[in-house]
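Step one of this worksheet: look at the structure below.
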Amino acid sequence: MEAFYLTRYGESAKAFERRELKLPPPAENQVLVSVEAFGLNFADVMARMGLYKEAPPLPAILGYEVVGRVEKTGSAAVPFSPGQRVIAFTRFGGYATHALTDFRAVVAIPEDMETGHAAALATQYCTAWYAAEECMRLHAGEHVLVQAAAGGVGTALVQLAKYRDCTVYGTAGSDEKFEYLRRIGVDFPVNYNKEKFDEAIRRIRKGKGVDVVFDSIGGKVFKQGFRLLEPGGKIAGYGAAQRLEKRNIFSLLGLVFGFGFYNPIGLLQPSKSIIGINMLRIADHRPDLLQRCLGEVARLSEAGIFKPQTGAVFAANELAQAHDFLGSRRSTGKIVVKW
């Protein structure tokens with residue numbers, strides 16, 4: 001088999017090496033997937049820059065999700081058989097022609113499902129479903145803010161919020177993304193480079209805030225989102241994209257202090273909630289919950305509720321360009337790399 005190893009941090013063109021390695025046999029509870037494509041996530045960009053502490057030490061194979069076919073199964077992986085087309089959450093190891101993962105992190109998909117559509121489901125749509133359905137429990141009539149709404153997780157959250165009959169506010173860094181945001185269901189797009197998102201929303205709502213915030217930016221943006229919550233409101237944090245703006249100890253301290261410091265009294269009195277989301281921890285410690293998430297996103301996809309958007313498709317030898325495109329924040333939807 002072949003795989004792309006991250007061998008050094010920094011510039012994408014110099015960060016990866018394509019290597020051959022021995023095909024691993026699946027353990028009792030594992031599935032070996034022959035990979036047709038893998039998806040990119042913002043955490044991959046952070047890992048390449050050496051900013052993601054969950055990433056394995058160098059040299060490492062990145063990649064959270066793959067689309068492909070079952071090649072072999074362990075004795076306990078009874079739901080699957082060779083030849084089935086599947087998506088899989090890989091917890092690293094996805095940038096390869098073959099990937100091993102726990103059978104509970106795999107779900108069968110239709111033969112005719114488009115590759116980019118499928119790749120978005122394993123990580124981004126699972127994150128969105130877990131955040132919106134397991135943690136937030138969205139209800140009709142709620143006002144929901146999705147930060148970075150044009151991204152993969154953002155797109156999924158918008159679709160879920162509209163499915164639950166919520167009013168959706170979505171932020172993006174350029175007016176060019178507004179057409180995309182409106183197409184996926186955002187009621188009120190906000191360009192955070194032109195105006196402060198919290199002030200824009202309060203103007204639209206005549207002084208009121210929102211009921212739910214989904215935040216992938218972190219730092220001071222998270223704190224502003226928390227302040228925007230109405231009584232009984234909830235904010236979910238699932239990323240820290242602000243960390244990429246500058247990469248030094250001062251920016252790290254700025255990110256930490258930007259988040260703000262919270263104590264139980266400060267949450268009890270206004271009746272507000274903060275929820276942190278890390279799907280790697282869910283996969284590690286609650287694989288049955290991950291299995292439920294995968295099953296639900298596959299079901300909603302087949303029902304037409306989830307409509308993942310493919311932002312761009314790259315060939316395997318264009319991995320560096322794919323990383324640069326995702327890191328530029330010019331992308332919308334899912335970025336996919338095909339073998």
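The chains in the structure tokens are called A, B, ... from first to last as shown; in each chain the residues are counted from 1, and the ligands are counted from 1 in the order shown.
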
Which of range 11-164 of chain A DSSP labels strand (DSSP E), written as a PyMOL selection string: chain A and resi 16-20+30-40+65-73+85-89+98-102+106-108+143-146

Near range 3-7 of chain A, counting only C-alpha atoms, which residues have an atom at most 12 Å away, once you skip same-chain residues fewer than 5 positions from it, shown as a ChimeraX atom specification? /A:12-23,35,38,44-45,47-50,55-63,92-99,316-320,337,339

Please produce an output containing C-alpha atoms for each residue in the selection, written as a compact mmCIF listing (two decimals), in the first residue's frame.
# COMPACT_ATOMS: atom_id res chain seq x y z
CA SER A 12 2.57 22.04 2.42
CA ALA A 13 4.84 21.53 -0.61
CA LYS A 14 7.64 20.31 1.70
CA ALA A 15 5.57 18.66 4.42
CA PHE A 16 4.53 15.34 2.85
CA GLU A 17 6.34 12.27 1.52
CA ARG A 18 4.67 9.47 -0.46
CA ARG A 19 5.87 6.10 0.84
CA GLU A 20 5.18 2.41 0.36
CA LEU A 21 4.48 0.20 3.35
CA LYS A 22 3.24 -3.26 4.15
CA LEU A 23 -0.51 -3.85 4.07
CA VAL A 35 -9.57 3.72 -0.26
CA PHE A 38 -10.11 10.77 1.47
CA ASP A 44 -5.43 18.54 8.99
CA VAL A 45 -4.13 22.02 8.19
CA ALA A 47 -1.72 19.36 12.22
CA ARG A 48 0.51 20.18 9.25
CA MET A 49 1.45 23.45 10.94
CA GLY A 50 2.25 21.64 14.20
CA ALA A 55 -2.01 14.60 16.00
CA PRO A 56 0.48 11.71 16.30
CA PRO A 57 4.22 12.47 16.34
CA LEU A 58 6.16 12.74 13.08
CA PRO A 59 6.28 10.95 10.76
CA ALA A 60 2.51 10.60 10.74
CA ILE A 61 -0.31 9.70 8.37
CA LEU A 62 -3.07 12.29 8.72
CA GLY A 63 -6.67 11.90 7.65
CA PHE A 92 -5.66 9.52 11.42
CA GLY A 93 -4.33 7.12 8.80
CA GLY A 94 -6.70 8.29 6.06
CA TYR A 95 -4.07 9.63 3.62
CA ALA A 96 -3.41 6.15 2.28
CA THR A 97 -4.57 3.62 -0.30
CA HIS A 98 -5.78 1.40 2.56
CA ALA A 99 -7.05 2.30 6.02
CA ALA A 316 -3.43 12.31 -4.89
CA ASN A 317 -0.33 14.00 -6.29
CA GLU A 318 -2.02 17.36 -5.62
CA LEU A 319 -2.26 16.89 -1.86
CA ALA A 320 -0.15 19.99 -1.16
CA VAL A 337 -8.43 13.91 -2.64
CA TRP A 339 -6.38 8.07 -5.57

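Candidate residues A:Gly239, A:Gly232, A:Gly219, A:Pro24 were compared for distance to Met136 in chain A, and the nearest is A:Gly232, using only C-alpha atoms.
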
Using only C-alpha atoms, which protein or nucleic acid residues come within 12 Å of Glu296 in chain A? Drop anything in the same chain fewer than 3 positions from it, and give the result as a PyMOL selection string. chain A and resi 107-108+121-122+125-130+133-134+160+289-293+299-303+305-306

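Here the question is which of A:Ala236, A:Ile204, A:Ile335, A:Leu294 gets nearest to Ala37 in chain A using only C-alpha atoms, and that residue is A:Ile335.
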
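Shortest separation to Met46 in chain A among A:Glu65, A:Glu11, A:Glu114, A:Glu28 occurs at residue A:Glu11, atoms counted being only C-alpha atoms.
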
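Closest approach to Met279 in chain A from the set A:Tyr238, A:Gly218, A:Val144, A:Pro25 is made by A:Tyr238, with distances taken over only C-alpha atoms.
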
Can you tell me, as an MDAnalysis selection string, what residues are no more than 10 Å from Pro308 in chain A when counting only C-alpha atoms, ignoring any on the same chain fewer than 2 positions away? chainID A and resid 114 116:121 124:125 152:153 155:156 159 184 301 304:306 310:311 333:334

Output the selection as a PDB file, in the first residue's frame - N, CA and C atoms for each residue.
ATOM      1  N   GLU A 114     -22.136  10.076  -4.655  1.00  0.00           N
ATOM      2  CA  GLU A 114     -20.994  10.837  -5.168  1.00  0.00           C
ATOM      3  C   GLU A 114     -19.888  10.877  -4.115  1.00  0.00           C
ATOM      4  N   GLY A 116     -17.463  13.013  -3.181  1.00  0.00           N
ATOM      5  CA  GLY A 116     -17.350  14.173  -2.306  1.00  0.00           C
ATOM      6  C   GLY A 116     -18.469  14.231  -1.287  1.00  0.00           C
ATOM      7  N   HIS A 117     -19.653  13.877  -1.717  1.00  0.00           N
ATOM      8  CA  HIS A 117     -20.814  13.793  -0.832  1.00  0.00           C
ATOM      9  C   HIS A 117     -20.524  12.804   0.299  1.00  0.00           C
ATOM     10  N   ALA A 118     -20.018  11.632  -0.072  1.00  0.00           N
ATOM     11  CA  ALA A 118     -19.739  10.593   0.924  1.00  0.00           C
ATOM     12  C   ALA A 118     -18.644  11.013   1.892  1.00  0.00           C
ATOM     13  N   ALA A 119     -17.574  11.628   1.363  1.00  0.00           N
ATOM     14  CA  ALA A 119     -16.437  12.001   2.207  1.00  0.00           C
ATOM     15  C   ALA A 119     -16.829  12.994   3.288  1.00  0.00           C
ATOM     16  N   ALA A 120     -17.803  13.843   3.003  1.00  0.00           N
ATOM     17  CA  ALA A 120     -18.213  14.851   3.982  1.00  0.00           C
ATOM     18  C   ALA A 120     -18.940  14.246   5.176  1.00  0.00           C
ATOM     19  N   LEU A 121     -19.530  13.077   4.997  1.00  0.00           N
ATOM     20  CA  LEU A 121     -20.393  12.526   6.035  1.00  0.00           C
ATOM     21  C   LEU A 121     -19.627  12.056   7.268  1.00  0.00           C
ATOM     22  N   GLN A 124     -17.292  15.660   9.079  1.00  0.00           N
ATOM     23  CA  GLN A 124     -17.968  16.953   9.178  1.00  0.00           C
ATOM     24  C   GLN A 124     -19.439  16.810   9.537  1.00  0.00           C
ATOM     25  N   TYR A 125     -20.135  15.912   8.874  1.00  0.00           N
ATOM     26  CA  TYR A 125     -21.554  15.756   9.172  1.00  0.00           C
ATOM     27  C   TYR A 125     -21.782  15.029  10.491  1.00  0.00           C
ATOM     28  N   GLY A 152     -17.268  22.907   5.682  1.00  0.00           N
ATOM     29  CA  GLY A 152     -17.941  21.613   5.673  1.00  0.00           C
ATOM     30  C   GLY A 152     -18.868  21.401   6.850  1.00  0.00           C
ATOM     31  N   VAL A 153     -18.366  21.609   8.074  1.00  0.00           N
ATOM     32  CA  VAL A 153     -19.213  21.456   9.258  1.00  0.00           C
ATOM     33  C   VAL A 153     -20.281  22.541   9.274  1.00  0.00           C
ATOM     34  N   THR A 155     -21.724  24.032   6.739  1.00  0.00           N
ATOM     35  CA  THR A 155     -22.777  23.666   5.790  1.00  0.00           C
ATOM     36  C   THR A 155     -23.733  22.651   6.406  1.00  0.00           C
ATOM     37  N   ALA A 156     -23.177  21.639   7.060  1.00  0.00           N
ATOM     38  CA  ALA A 156     -24.007  20.605   7.688  1.00  0.00           C
ATOM     39  C   ALA A 156     -24.877  21.184   8.795  1.00  0.00           C
ATOM     40  N   GLN A 159     -27.818  23.100   7.336  1.00  0.00           N
ATOM     41  CA  GLN A 159     -28.853  22.195   6.832  1.00  0.00           C
ATOM     42  C   GLN A 159     -29.654  21.567   7.968  1.00  0.00           C
ATOM     43  N   ILE A 184     -27.552  27.262   0.621  1.00  0.00           N
ATOM     44  CA  ILE A 184     -27.658  26.156   1.572  1.00  0.00           C
ATOM     45  C   ILE A 184     -28.672  26.431   2.677  1.00  0.00           C
ATOM     46  N   SER A 301     -28.812  11.537   4.874  1.00  0.00           N
ATOM     47  CA  SER A 301     -28.299  11.783   3.525  1.00  0.00           C
ATOM     48  C   SER A 301     -29.171  11.093   2.485  1.00  0.00           C
ATOM     49  N   GLY A 304     -32.330  12.786   1.791  1.00  0.00           N
ATOM     50  CA  GLY A 304     -32.247  14.083   1.131  1.00  0.00           C
ATOM     51  C   GLY A 304     -32.212  15.265   2.073  1.00  0.00           C
ATOM     52  N   ILE A 305     -32.147  15.013   3.388  1.00  0.00           N
ATOM     53  CA  ILE A 305     -32.062  16.102   4.365  1.00  0.00           C
ATOM     54  C   ILE A 305     -30.661  16.696   4.353  1.00  0.00           C
ATOM     55  N   PHE A 306     -29.671  15.825   4.373  1.00  0.00           N
ATOM     56  CA  PHE A 306     -28.281  16.259   4.251  1.00  0.00           C
ATOM     57  C   PHE A 306     -27.902  16.301   2.774  1.00  0.00           C
ATOM     58  N   THR A 310     -19.633  19.442  -2.549  1.00  0.00           N
ATOM     59  CA  THR A 310     -18.231  19.197  -2.885  1.00  0.00           C
ATOM     60  C   THR A 310     -17.597  20.506  -3.327  1.00  0.00           C
ATOM     61  N   GLY A 311     -16.601  20.958  -2.572  1.00  0.00           N
ATOM     62  CA  GLY A 311     -15.951  22.223  -2.906  1.00  0.00           C
ATOM     63  C   GLY A 311     -14.921  22.087  -4.000  1.00  0.00           C
ATOM     64  N   GLY A 333     -17.693  24.067   1.118  1.00  0.00           N
ATOM     65  CA  GLY A 333     -17.994  22.647   1.000  1.00  0.00           C
ATOM     66  C   GLY A 333     -16.806  21.756   1.306  1.00  0.00           C
ATOM     67  N   LYS A 334     -16.860  20.526   0.797  1.00  0.00           N
ATOM     68  CA  LYS A 334     -15.888  19.491   1.127  1.00  0.00           C
ATOM     69  C   LYS A 334     -14.746  19.440   0.128  1.00  0.00           C
TER      70      LYS A 334
END

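Considering only C-alpha atoms, the residue among A:Lys307, A:Ala43, A:Lys72, A:Arg281 positioned nearest to Gly185 in chain A is A:Lys307.
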
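Relative to CA of Gly154 in chain A, CA of Asp211 in chain A is found at 16.8 Å.
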
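In this structure, CA of Ala322 in chain A sits 8.0 Å away from CA of Val336 in chain A.
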